[in-house]
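So the structure is just underneath, and the comments pick up after that.
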Amino acid sequence: MNRRTTVLITGASAGLGAAFARGFAAKGCDLVLVARDKDRLGALAQELHREFGAEVEVLPADLLDPARCAAVEERLADAGRPVDVLVNNAGFGLPAPFPYSPVEDEERMLDLLVKVPMRLTHAVLPGLRERRRGAVLNVSSVAGLLPTGTYGAAKAWVTAFSESLRVDMAPYGVRVLAVVPGFTRTEFQERAGMDVSKLSDAVWLEPEAVVAQALRDLARGRPLSVTGRRYQAYAMAVRHLPRGLVAQRMARKRLPPPNQA
């Protein structure tokens with residue numbers, strides 16, 4: 001009897017993480033859900049088991065706590081309970097540009113967006129290589145295609161890391177996908193204290209659409225997953241425009257926060 005695929009998802013209690021959990025559960029996968037909020041994870045686990053029959057393990061963890069991050073790494077490396085797919089989704093943003101943010105907040109954000117997925121990916125890879133199957137999905141952002149502060153710089157790292165890792169893992173049959181969404185209707189903006197009231201409805205994506213596109217692109221073996229024609233055209237354009245021109249246009253859109261002018 002074939003073992004069911006097990007997927008570990010970080011930042012799984014809401015937003016894209018919860019949407020990935022539902023998407024993989026609908027495909028018959030079992031899940032390991034990682035986030036800080038134990039109660040929300042438990043409620044989601046019950047929902048997914050009830051609706052899809054998935055076996056769901058809840059692993060509460062603040063990934064910025066080295067001990068809790070190490071516990072997740074140990075779970076990923078557990079050969080007795082193999083994880084077949086890792087979804088690095090946990091993250092947060094900051095409301096102000098780099099010059100106006102406390103450096104401690106900037107450091108925490110970079111740790112969660114760069115150091116944590118690097119460590120978790122490193123933990124899961126030996127098992128994937130040995131079994132010669134599996135996948136790593138890293139949630140990046142279209143912000144990584146533009147000069148958009150340290151958040152964009154971190155997401156650019158995620159995309160480049162994914163593209164490089166994809167080449168390294170191809171001989172072992174392990175797939176790697178960078179998921180590159182645009183503005184998505186989640187709790188991300190509210191938690192970051194971002195004012196997005198002036199954005200038109202046309203720019204927003206639903207998390208379920210991002211996940212559905214990502215799962216299609218994963219099955220097709222593509223390196224990047226960008227949802228929607230608007231963002232696909234946008235990604236194509238910014239990758240070919242002169243970097244100096246893009247930087248000038250982005251600079252005109254960024255203003256210092258109140259009382260920081």
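In the structure tokens, chains take the letters A, B, ... in the order shown, each chain's residues start at 1, and ligands count up from 1 in the order shown.
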
**Asked** Hey, what's within 6 Å of Ala12 of chain A if we count only C-alpha atoms and toss same-chain stuff fewer than 3 positions away? As a ChimeraX atom specification, please?
**Response** /A:9,17-18,33-35

Please, which residues in segment 14-127 of chain A fall within 9 Å of segment 204-224 of chain A when counting only C-alpha atoms, and what is the closest atom pair and distance in Å to one decimal for each, ordered by chain then residue number, as a tab-separated table?
residue	atom	partner	partner_atom	distance
A:Gly15	CA	A:Pro207	CA	6.5
A:Leu16	CA	A:Pro207	CA	5.3
A:Gly17	CA	A:Pro207	CA	8.8
A:Ala18	CA	A:Pro207	CA	8.8
A:Ala19	CA	A:Glu208	CA	5.7
A:Phe20	CA	A:Val211	CA	5.8
A:Arg22	CA	A:Glu208	CA	8.8
A:Gly23	CA	A:Val211	CA	6.8
A:Phe24	CA	A:Leu215	CA	8.5

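Taking atom CA of Tyr172 of chain A and atom CA of Val72 of chain A as endpoints, the distance between them is 23.4 Å.
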
**Message:** Residues within 10 Å of Val56 of chain A, please, as a PyMOL selection string. Count only C-alpha atoms; anything in the same chain fewer than 3 positions from it doesn't count.
**Reply:** chain A and resi 6-8+21+25+29-33+41-42+44-49+53+59

**Message:** List as number ranges by chain the protein and nucleic acid residues near segment 156-158 of chain A, meaning an atom at most 7 Å away when only C-alpha atoms are counted, but skip any in the same chain fewer than 4 places from it.
**Reply:** A: 114, 138, 140, 144-145, 152, 162

Go ahead and dump the residues you just picked, all heavy atoms, as a short mmCIF file (atom, residue, chain, number, x, y, z; two decimals), in the first residue's frame.
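Contents of the output file selection_20.cif:
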data_model
loop_
_atom_site.label_atom_id
_atom_site.label_comp_id
_atom_site.auth_asym_id
_atom_site.auth_seq_id
_atom_site.Cartn_x
_atom_site.Cartn_y
_atom_site.Cartn_z
N VAL A 114 14.32 34.75 5.30
CA VAL A 114 15.52 34.19 4.66
C VAL A 114 16.12 33.05 5.48
O VAL A 114 16.25 31.92 5.00
CB VAL A 114 16.58 35.29 4.43
CG1 VAL A 114 17.88 34.68 3.90
CG2 VAL A 114 16.05 36.34 3.45
N ASN A 138 8.57 27.64 -2.14
CA ASN A 138 8.96 28.83 -1.39
C ASN A 138 8.09 30.00 -1.82
O ASN A 138 8.08 30.39 -2.99
CB ASN A 138 10.43 29.16 -1.63
CG ASN A 138 11.36 28.11 -1.05
OD1 ASN A 138 11.14 27.63 0.05
ND2 ASN A 138 12.39 27.75 -1.80
N SER A 140 7.45 33.51 -2.43
CA SER A 140 8.16 34.76 -2.65
C SER A 140 7.12 35.87 -2.86
O SER A 140 6.06 35.85 -2.24
CB SER A 140 9.10 34.61 -3.85
OG SER A 140 9.86 35.79 -4.03
N GLY A 144 9.77 41.10 -4.87
CA GLY A 144 11.14 40.71 -5.07
C GLY A 144 11.68 41.03 -6.44
O GLY A 144 12.89 40.92 -6.68
N LEU A 145 10.80 41.42 -7.36
CA LEU A 145 11.23 41.79 -8.69
C LEU A 145 11.56 43.28 -8.79
O LEU A 145 12.03 43.74 -9.83
CB LEU A 145 10.13 41.45 -9.71
CG LEU A 145 9.63 40.00 -9.71
CD1 LEU A 145 8.48 39.84 -10.69
CD2 LEU A 145 10.76 39.04 -10.06
N GLY A 152 11.40 43.38 -0.15
CA GLY A 152 11.61 42.99 -1.54
C GLY A 152 12.95 42.30 -1.74
O GLY A 152 13.06 41.34 -2.50
N SER A 162 15.39 29.63 -4.82
CA SER A 162 14.54 28.57 -5.38
C SER A 162 15.01 28.15 -6.76
O SER A 162 15.07 26.95 -7.08
CB SER A 162 13.09 29.05 -5.44
OG SER A 162 12.61 29.43 -4.17
#

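Distances to Arg166 of chain A were evaluated for A:Val136, A:Val179, A:Ala54, A:Asp78 using only C-alpha atoms, and the minimum falls at A:Val136.
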
Picked from segment 1-243 of chain A by DSSP as strand (DSSP E or B), as a PDB file with N, CA and C atoms, in the first residue's frame:
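Saved as states-v5.pdb:
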ATOM      1  N   THR A   6       2.865  13.510   2.563  1.00  0.00           N
ATOM      2  CA  THR A   6       2.786  14.393   3.725  1.00  0.00           C
ATOM      3  C   THR A   6       3.394  15.736   3.373  1.00  0.00           C
ATOM      4  N   VAL A   7       2.656  16.803   3.678  1.00  0.00           N
ATOM      5  CA  VAL A   7       3.066  18.172   3.351  1.00  0.00           C
ATOM      6  C   VAL A   7       3.191  18.974   4.635  1.00  0.00           C
ATOM      7  N   LEU A   8       4.343  19.605   4.854  1.00  0.00           N
ATOM      8  CA  LEU A   8       4.520  20.506   5.995  1.00  0.00           C
ATOM      9  C   LEU A   8       4.444  21.942   5.486  1.00  0.00           C
ATOM     10  N   ILE A   9       3.595  22.739   6.127  1.00  0.00           N
ATOM     11  CA  ILE A   9       3.331  24.119   5.698  1.00  0.00           C
ATOM     12  C   ILE A   9       3.582  25.051   6.872  1.00  0.00           C
ATOM     13  N   THR A  10       4.412  26.066   6.690  1.00  0.00           N
ATOM     14  CA  THR A  10       4.621  27.074   7.723  1.00  0.00           C
ATOM     15  C   THR A  10       3.675  28.250   7.491  1.00  0.00           C
ATOM     16  N   ASP A  30      -1.756  14.203   3.509  1.00  0.00           N
ATOM     17  CA  ASP A  30      -1.750  14.466   4.936  1.00  0.00           C
ATOM     18  C   ASP A  30      -0.878  15.688   5.202  1.00  0.00           C
ATOM     19  N   LEU A  31      -1.054  16.290   6.386  1.00  0.00           N
ATOM     20  CA  LEU A  31      -0.467  17.604   6.621  1.00  0.00           C
ATOM     21  C   LEU A  31       0.212  17.713   7.969  1.00  0.00           C
ATOM     22  N   VAL A  32       1.249  18.538   8.009  1.00  0.00           N
ATOM     23  CA  VAL A  32       1.849  19.023   9.258  1.00  0.00           C
ATOM     24  C   VAL A  32       1.741  20.546   9.192  1.00  0.00           C
ATOM     25  N   LEU A  33       0.974  21.121  10.109  1.00  0.00           N
ATOM     26  CA  LEU A  33       0.702  22.553  10.068  1.00  0.00           C
ATOM     27  C   LEU A  33       1.507  23.265  11.147  1.00  0.00           C
ATOM     28  N   VAL A  34       2.253  24.284  10.733  1.00  0.00           N
ATOM     29  CA  VAL A  34       3.136  25.018  11.635  1.00  0.00           C
ATOM     30  C   VAL A  34       2.723  26.489  11.666  1.00  0.00           C
ATOM     31  N   ALA A  35       2.517  27.019  12.858  1.00  0.00           N
ATOM     32  CA  ALA A  35       2.251  28.451  13.054  1.00  0.00           C
ATOM     33  C   ALA A  35       2.304  28.720  14.549  1.00  0.00           C
ATOM     34  N   VAL A  56      -3.948  15.229  10.093  1.00  0.00           N
ATOM     35  CA  VAL A  56      -3.318  16.540  10.253  1.00  0.00           C
ATOM     36  C   VAL A  56      -2.606  16.600  11.598  1.00  0.00           C
ATOM     37  N   GLU A  57      -1.309  16.857  11.550  1.00  0.00           N
ATOM     38  CA  GLU A  57      -0.495  17.053  12.748  1.00  0.00           C
ATOM     39  C   GLU A  57      -0.321  18.543  12.961  1.00  0.00           C
ATOM     40  N   VAL A  58      -0.558  18.989  14.178  1.00  0.00           N
ATOM     41  CA  VAL A  58      -0.406  20.398  14.533  1.00  0.00           C
ATOM     42  C   VAL A  58       0.914  20.574  15.268  1.00  0.00           C
ATOM     43  N   LEU A  59       1.726  21.512  14.781  1.00  0.00           N
ATOM     44  CA  LEU A  59       3.042  21.756  15.374  1.00  0.00           C
ATOM     45  C   LEU A  59       3.180  23.257  15.655  1.00  0.00           C
ATOM     46  N   PRO A  60       2.668  23.725  16.801  1.00  0.00           N
ATOM     47  CA  PRO A  60       2.768  25.155  17.115  1.00  0.00           C
ATOM     48  C   PRO A  60       4.229  25.571  17.280  1.00  0.00           C
ATOM     49  N   VAL A  85       6.708  17.119   1.010  1.00  0.00           N
ATOM     50  CA  VAL A  85       6.608  18.464   0.435  1.00  0.00           C
ATOM     51  C   VAL A  85       6.735  19.483   1.559  1.00  0.00           C
ATOM     52  N   LEU A  86       7.599  20.462   1.369  1.00  0.00           N
ATOM     53  CA  LEU A  86       7.744  21.576   2.303  1.00  0.00           C
ATOM     54  C   LEU A  86       7.247  22.844   1.637  1.00  0.00           C
ATOM     55  N   VAL A  87       6.369  23.561   2.326  1.00  0.00           N
ATOM     56  CA  VAL A  87       5.898  24.865   1.846  1.00  0.00           C
ATOM     57  C   VAL A  87       6.389  25.922   2.827  1.00  0.00           C
ATOM     58  N   ASN A  88       7.385  26.693   2.415  1.00  0.00           N
ATOM     59  CA  ASN A  88       7.913  27.798   3.231  1.00  0.00           C
ATOM     60  C   ASN A  88       7.065  29.039   2.966  1.00  0.00           C
ATOM     61  N   ALA A 135       9.038  17.775  -3.066  1.00  0.00           N
ATOM     62  CA  ALA A 135       9.055  19.147  -3.576  1.00  0.00           C
ATOM     63  C   ALA A 135       9.254  20.141  -2.448  1.00  0.00           C
ATOM     64  N   VAL A 136       9.786  21.303  -2.811  1.00  0.00           N
ATOM     65  CA  VAL A 136       9.878  22.460  -1.924  1.00  0.00           C
ATOM     66  C   VAL A 136       9.219  23.632  -2.636  1.00  0.00           C
ATOM     67  N   LEU A 137       8.248  24.251  -1.974  1.00  0.00           N
ATOM     68  CA  LEU A 137       7.607  25.454  -2.489  1.00  0.00           C
ATOM     69  C   LEU A 137       7.968  26.612  -1.578  1.00  0.00           C
ATOM     70  N   ASN A 138       8.570  27.643  -2.141  1.00  0.00           N
ATOM     71  CA  ASN A 138       8.956  28.829  -1.387  1.00  0.00           C
ATOM     72  C   ASN A 138       8.089  30.004  -1.816  1.00  0.00           C
ATOM     73  N   VAL A 139       7.353  30.564  -0.864  1.00  0.00           N
ATOM     74  CA  VAL A 139       6.474  31.685  -1.192  1.00  0.00           C
ATOM     75  C   VAL A 139       7.302  32.963  -1.235  1.00  0.00           C
ATOM     76  N   ARG A 175      11.365  18.507  -7.008  1.00  0.00           N
ATOM     77  CA  ARG A 175      10.925  19.735  -7.657  1.00  0.00           C
ATOM     78  C   ARG A 175      11.018  20.916  -6.686  1.00  0.00           C
ATOM     79  N   VAL A 176      11.338  22.083  -7.224  1.00  0.00           N
ATOM     80  CA  VAL A 176      11.411  23.309  -6.433  1.00  0.00           C
ATOM     81  C   VAL A 176      10.665  24.403  -7.190  1.00  0.00           C
ATOM     82  N   LEU A 177       9.777  25.090  -6.481  1.00  0.00           N
ATOM     83  CA  LEU A 177       8.952  26.117  -7.108  1.00  0.00           C
ATOM     84  C   LEU A 177       8.968  27.383  -6.268  1.00  0.00           C
ATOM     85  N   ALA A 178       9.218  28.525  -6.908  1.00  0.00           N
ATOM     86  CA  ALA A 178       9.046  29.827  -6.264  1.00  0.00           C
ATOM     87  C   ALA A 178       7.649  30.332  -6.595  1.00  0.00           C
ATOM     88  N   VAL A 179       6.837  30.539  -5.567  1.00  0.00           N
ATOM     89  CA  VAL A 179       5.489  31.078  -5.736  1.00  0.00           C
ATOM     90  C   VAL A 179       5.589  32.589  -5.593  1.00  0.00           C
ATOM     91  N   THR A 184      -2.495  39.918  -2.356  1.00  0.00           N
ATOM     92  CA  THR A 184      -3.408  38.806  -2.106  1.00  0.00           C
ATOM     93  C   THR A 184      -4.232  39.116  -0.864  1.00  0.00           C
ATOM     94  N   LEU A 205      -5.654  39.484  -5.572  1.00  0.00           N
ATOM     95  CA  LEU A 205      -5.814  38.059  -5.857  1.00  0.00           C
ATOM     96  C   LEU A 205      -6.431  37.372  -4.644  1.00  0.00           C
ATOM     97  N   LEU A 224       8.794  29.108 -11.679  1.00  0.00           N
ATOM     98  CA  LEU A 224       8.080  30.204 -11.025  1.00  0.00           C
ATOM     99  C   LEU A 224       6.585  30.047 -11.235  1.00  0.00           C
ATOM    100  N   SER A 225       5.820  30.511 -10.245  1.00  0.00           N
ATOM    101  CA  SER A 225       4.366  30.529 -10.376  1.00  0.00           C
ATOM    102  C   SER A 225       3.868  31.938 -10.097  1.00  0.00           C
TER     103      SER A 225
END

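What separates atom CA of Met109 of chain A from atom CA of Lys38 of chain A is a distance of 21.5 Å.
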
**Prompt:** Among segment 54-250 of chain A, which ones does DSSP place in alpha helix (DSSP H), written as a PyMOL selection string?
**Reply:** chain A and resi 66-77+103-110+116-131+149-169+188-192+207-220+229-240+243-250

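In terms of minimum interatomic distance to Arg68 of chain A, A:Val116 ranks closest within A:Val116, A:Leu110, A:Val226, A:Ala26, counting only C-alpha atoms.
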
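For the choices A:Leu113, A:Gly182, A:Met118, A:Gly134, the atom-to-atom distance to Ala154 of chain A is smallest for A:Leu113 when using only C-alpha atoms.
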
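Nearest residue to Val142 of chain A, choosing from A:Pro66, A:Gly173, A:Gly228, A:Pro181 and counting only C-alpha atoms: A:Pro181.
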
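Going from atom CA of Pro82 of chain A to atom CA of Ala67 of chain A covers 21.0 Å.
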
Report as a short mmCIF file (atom, residue, chain, number, x, y, z; two decimals) with all heavy atoms, in the first residue's frame all protein, DNA and RNA residues lying within 12 Å of Thr150 of chain A, evaluated on only C-alpha atoms, omitting residues in the same chain fewer than 2 positions from it.
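Once everything was written out, this is result-v1.cif:
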data_model
loop_
_atom_site.label_atom_id
_atom_site.label_comp_id
_atom_site.auth_asym_id
_atom_site.auth_seq_id
_atom_site.Cartn_x
_atom_site.Cartn_y
_atom_site.Cartn_z
N PHE A 92 6.26 38.09 7.43
CA PHE A 92 5.54 39.33 7.75
C PHE A 92 6.27 40.48 7.09
O PHE A 92 7.41 40.35 6.63
CB PHE A 92 5.43 39.55 9.27
CG PHE A 92 6.73 39.84 9.97
CD1 PHE A 92 7.20 41.14 10.11
CD2 PHE A 92 7.48 38.80 10.51
CE1 PHE A 92 8.40 41.40 10.76
CE2 PHE A 92 8.68 39.06 11.16
CZ PHE A 92 9.14 40.36 11.29
N GLY A 93 5.59 41.63 7.02
CA GLY A 93 6.18 42.84 6.46
C GLY A 93 6.17 43.96 7.47
O GLY A 93 5.61 43.84 8.56
N LEU A 94 6.80 45.06 7.11
CA LEU A 94 6.87 46.24 7.97
C LEU A 94 6.21 47.42 7.26
O LEU A 94 6.28 47.53 6.03
CB LEU A 94 8.32 46.57 8.31
CG LEU A 94 9.08 45.48 9.08
CD1 LEU A 94 10.56 45.85 9.21
CD2 LEU A 94 8.47 45.27 10.46
N PRO A 95 5.59 48.34 8.01
CA PRO A 95 4.84 49.43 7.38
C PRO A 95 5.69 50.55 6.83
O PRO A 95 5.24 51.30 5.96
CB PRO A 95 3.94 49.93 8.52
CG PRO A 95 4.71 49.61 9.76
CD PRO A 95 5.41 48.31 9.47
N ALA A 96 6.92 50.69 7.31
CA ALA A 96 7.75 51.83 6.92
C ALA A 96 8.96 51.38 6.13
O ALA A 96 9.45 50.26 6.30
CB ALA A 96 8.20 52.60 8.17
N PRO A 97 9.48 52.24 5.24
CA PRO A 97 10.72 51.92 4.53
C PRO A 97 11.89 51.73 5.50
O PRO A 97 11.85 52.18 6.65
CB PRO A 97 10.94 53.14 3.64
CG PRO A 97 9.59 53.79 3.51
CD PRO A 97 8.90 53.53 4.81
N PHE A 98 12.92 51.07 5.02
CA PHE A 98 14.07 50.69 5.85
C PHE A 98 14.63 51.83 6.70
O PHE A 98 14.90 51.63 7.90
CB PHE A 98 15.17 50.10 4.96
CG PHE A 98 16.45 49.83 5.69
CD1 PHE A 98 16.56 48.74 6.55
CD2 PHE A 98 17.54 50.68 5.54
CE1 PHE A 98 17.74 48.50 7.23
CE2 PHE A 98 18.72 50.44 6.23
CZ PHE A 98 18.82 49.35 7.08
N PRO A 99 14.83 53.06 6.17
CA PRO A 99 15.45 54.10 7.01
C PRO A 99 14.63 54.48 8.23
O PRO A 99 15.16 55.09 9.16
CB PRO A 99 15.60 55.29 6.05
CG PRO A 99 15.56 54.70 4.68
CD PRO A 99 14.62 53.53 4.79
N TYR A 100 13.33 54.12 8.25
CA TYR A 100 12.45 54.56 9.32
C TYR A 100 11.98 53.40 10.21
O TYR A 100 11.15 53.60 11.10
CB TYR A 100 11.23 55.27 8.73
CG TYR A 100 11.62 56.30 7.70
CD1 TYR A 100 11.43 56.05 6.34
CD2 TYR A 100 12.22 57.49 8.08
CE1 TYR A 100 11.82 56.98 5.39
CE2 TYR A 100 12.61 58.43 7.13
CZ TYR A 100 12.41 58.16 5.79
OH TYR A 100 12.81 59.08 4.84
N SER A 101 12.50 52.21 9.99
CA SER A 101 12.12 51.04 10.78
C SER A 101 13.20 50.73 11.81
O SER A 101 14.39 50.87 11.52
CB SER A 101 11.92 49.82 9.89
OG SER A 101 10.80 49.96 9.04
N VAL A 103 15.93 48.74 13.54
CA VAL A 103 16.78 47.72 12.93
C VAL A 103 16.47 46.34 13.50
O VAL A 103 16.62 45.32 12.81
CB VAL A 103 18.26 48.09 13.10
CG1 VAL A 103 18.71 47.93 14.56
CG2 VAL A 103 19.13 47.25 12.17
N ASP A 105 13.49 45.20 14.18
CA ASP A 105 12.35 44.68 13.41
C ASP A 105 12.81 44.21 12.03
O ASP A 105 12.35 43.17 11.52
CB ASP A 105 11.28 45.76 13.25
CG ASP A 105 10.58 46.08 14.55
OD1 ASP A 105 10.74 45.30 15.53
OD2 ASP A 105 9.86 47.11 14.61
N GLU A 106 13.71 44.97 11.43
CA GLU A 106 14.25 44.57 10.13
C GLU A 106 14.98 43.22 10.23
O GLU A 106 14.84 42.35 9.36
CB GLU A 106 15.21 45.64 9.60
CG GLU A 106 14.56 46.96 9.25
CD GLU A 106 13.85 46.93 7.90
OE1 GLU A 106 13.98 45.92 7.19
OE2 GLU A 106 13.17 47.91 7.57
N GLU A 107 15.73 43.06 11.29
CA GLU A 107 16.49 41.82 11.47
C GLU A 107 15.54 40.64 11.67
O GLU A 107 15.76 39.56 11.12
CB GLU A 107 17.43 41.96 12.66
CG GLU A 107 18.39 40.80 12.81
CD GLU A 107 19.43 41.04 13.89
OE1 GLU A 107 19.16 41.87 14.79
OE2 GLU A 107 20.49 40.41 13.83
N ARG A 108 14.50 40.82 12.46
CA ARG A 108 13.52 39.75 12.69
C ARG A 108 12.85 39.36 11.37
O ARG A 108 12.64 38.17 11.09
CB ARG A 108 12.47 40.19 13.70
CG ARG A 108 12.99 40.27 15.14
CD ARG A 108 11.92 40.80 16.09
NE ARG A 108 10.76 39.93 16.14
CZ ARG A 108 9.57 40.20 15.61
NH1 ARG A 108 9.39 41.36 14.97
NH2 ARG A 108 8.59 39.37 15.71
N MET A 109 12.50 40.37 10.57
CA MET A 109 11.85 40.07 9.29
C MET A 109 12.79 39.28 8.38
O MET A 109 12.37 38.28 7.76
CB MET A 109 11.41 41.37 8.60
CG MET A 109 10.67 41.12 7.30
SD MET A 109 10.11 42.66 6.51
CE MET A 109 11.68 43.36 6.00
N LEU A 110 14.04 39.70 8.29
CA LEU A 110 14.98 38.97 7.44
C LEU A 110 15.22 37.55 7.94
O LEU A 110 15.36 36.62 7.15
CB LEU A 110 16.30 39.73 7.35
CG LEU A 110 16.29 41.00 6.50
CD1 LEU A 110 17.65 41.68 6.55
CD2 LEU A 110 15.92 40.69 5.06
N ASP A 111 15.26 37.37 9.26
CA ASP A 111 15.42 36.03 9.81
C ASP A 111 14.27 35.13 9.37
O ASP A 111 14.49 33.97 8.97
CB ASP A 111 15.47 36.07 11.33
CG ASP A 111 16.84 36.49 11.86
OD1 ASP A 111 17.80 36.54 11.06
OD2 ASP A 111 16.94 36.77 13.08
N LEU A 113 12.15 35.57 6.79
CA LEU A 113 11.99 35.44 5.34
C LEU A 113 13.15 34.73 4.68
O LEU A 113 12.98 34.15 3.59
CB LEU A 113 11.83 36.83 4.71
CG LEU A 113 10.60 37.64 5.11
CD1 LEU A 113 10.56 38.95 4.35
CD2 LEU A 113 9.31 36.86 4.89
N VAL A 114 14.32 34.75 5.30
CA VAL A 114 15.52 34.19 4.66
C VAL A 114 16.12 33.05 5.48
O VAL A 114 16.25 31.92 5.00
CB VAL A 114 16.58 35.29 4.43
CG1 VAL A 114 17.88 34.68 3.90
CG2 VAL A 114 16.05 36.34 3.45
N ALA A 143 7.12 41.65 -5.14
CA ALA A 143 7.96 42.69 -4.55
C ALA A 143 9.44 42.37 -4.73
O ALA A 143 10.28 43.27 -4.75
CB ALA A 143 7.64 42.85 -3.06
N GLY A 144 9.77 41.10 -4.87
CA GLY A 144 11.14 40.71 -5.07
C GLY A 144 11.68 41.03 -6.44
O GLY A 144 12.89 40.92 -6.68
N LEU A 146 11.30 44.01 -7.71
CA LEU A 146 11.43 45.47 -7.72
C LEU A 146 12.31 45.94 -6.57
O LEU A 146 12.49 45.21 -5.59
CB LEU A 146 10.05 46.11 -7.59
CG LEU A 146 9.05 45.82 -8.70
CD1 LEU A 146 7.66 46.21 -8.26
CD2 LEU A 146 9.44 46.57 -9.95
N PRO A 147 12.84 47.16 -6.64
CA PRO A 147 13.55 47.74 -5.50
C PRO A 147 12.55 48.21 -4.44
O PRO A 147 12.10 49.36 -4.45
CB PRO A 147 14.35 48.90 -6.11
CG PRO A 147 13.71 49.20 -7.40
CD PRO A 147 12.92 48.01 -7.84
N THR A 148 12.15 47.30 -3.56
CA THR A 148 11.10 47.60 -2.59
C THR A 148 11.58 47.33 -1.16
O THR A 148 10.92 46.65 -0.39
CB THR A 148 9.85 46.77 -2.88
OG1 THR A 148 10.23 45.38 -3.00
CG2 THR A 148 9.17 47.21 -4.14
N GLY A 152 11.40 43.38 -0.15
CA GLY A 152 11.61 42.99 -1.54
C GLY A 152 12.95 42.30 -1.74
O GLY A 152 13.06 41.34 -2.50
N ALA A 153 13.99 42.80 -1.03
CA ALA A 153 15.31 42.18 -1.15
C ALA A 153 15.28 40.75 -0.64
O ALA A 153 15.89 39.84 -1.24
CB ALA A 153 16.34 43.01 -0.38
N ALA A 154 14.58 40.52 0.47
CA ALA A 154 14.47 39.17 1.01
C ALA A 154 13.71 38.26 0.05
O ALA A 154 14.09 37.09 -0.15
CB ALA A 154 13.78 39.21 2.37
N LYS A 155 12.65 38.78 -0.55
CA LYS A 155 11.88 37.96 -1.48
C LYS A 155 12.66 37.71 -2.77
O LYS A 155 12.50 36.66 -3.40
CB LYS A 155 10.54 38.63 -1.77
CG LYS A 155 9.57 38.60 -0.59
CD LYS A 155 9.30 37.18 -0.11
CE LYS A 155 8.21 37.12 0.94
NZ LYS A 155 7.95 35.74 1.40
N ALA A 156 13.51 38.66 -3.17
CA ALA A 156 14.39 38.41 -4.31
C ALA A 156 15.33 37.25 -4.00
O ALA A 156 15.62 36.41 -4.85
CB ALA A 156 15.18 39.67 -4.66
N TRP A 157 15.82 37.21 -2.75
CA TRP A 157 16.66 36.09 -2.33
C TRP A 157 15.88 34.78 -2.42
O TRP A 157 16.40 33.76 -2.90
CB TRP A 157 17.16 36.31 -0.90
CG TRP A 157 18.06 35.21 -0.42
CD1 TRP A 157 19.42 35.16 -0.50
CD2 TRP A 157 17.66 33.98 0.20
NE1 TRP A 157 19.89 33.98 0.03
CE2 TRP A 157 18.84 33.24 0.47
CE3 TRP A 157 16.42 33.43 0.57
CZ2 TRP A 157 18.82 31.99 1.09
CZ3 TRP A 157 16.39 32.18 1.17
CH2 TRP A 157 17.58 31.48 1.42
#

**Message:** My list of candidates is A:Ser141, A:Pro171, A:Asn89, A:Arg129. Which is closest to Ala235 of chain A when distances are computed with only C-alpha atoms?
**Reply:** A:Ser141
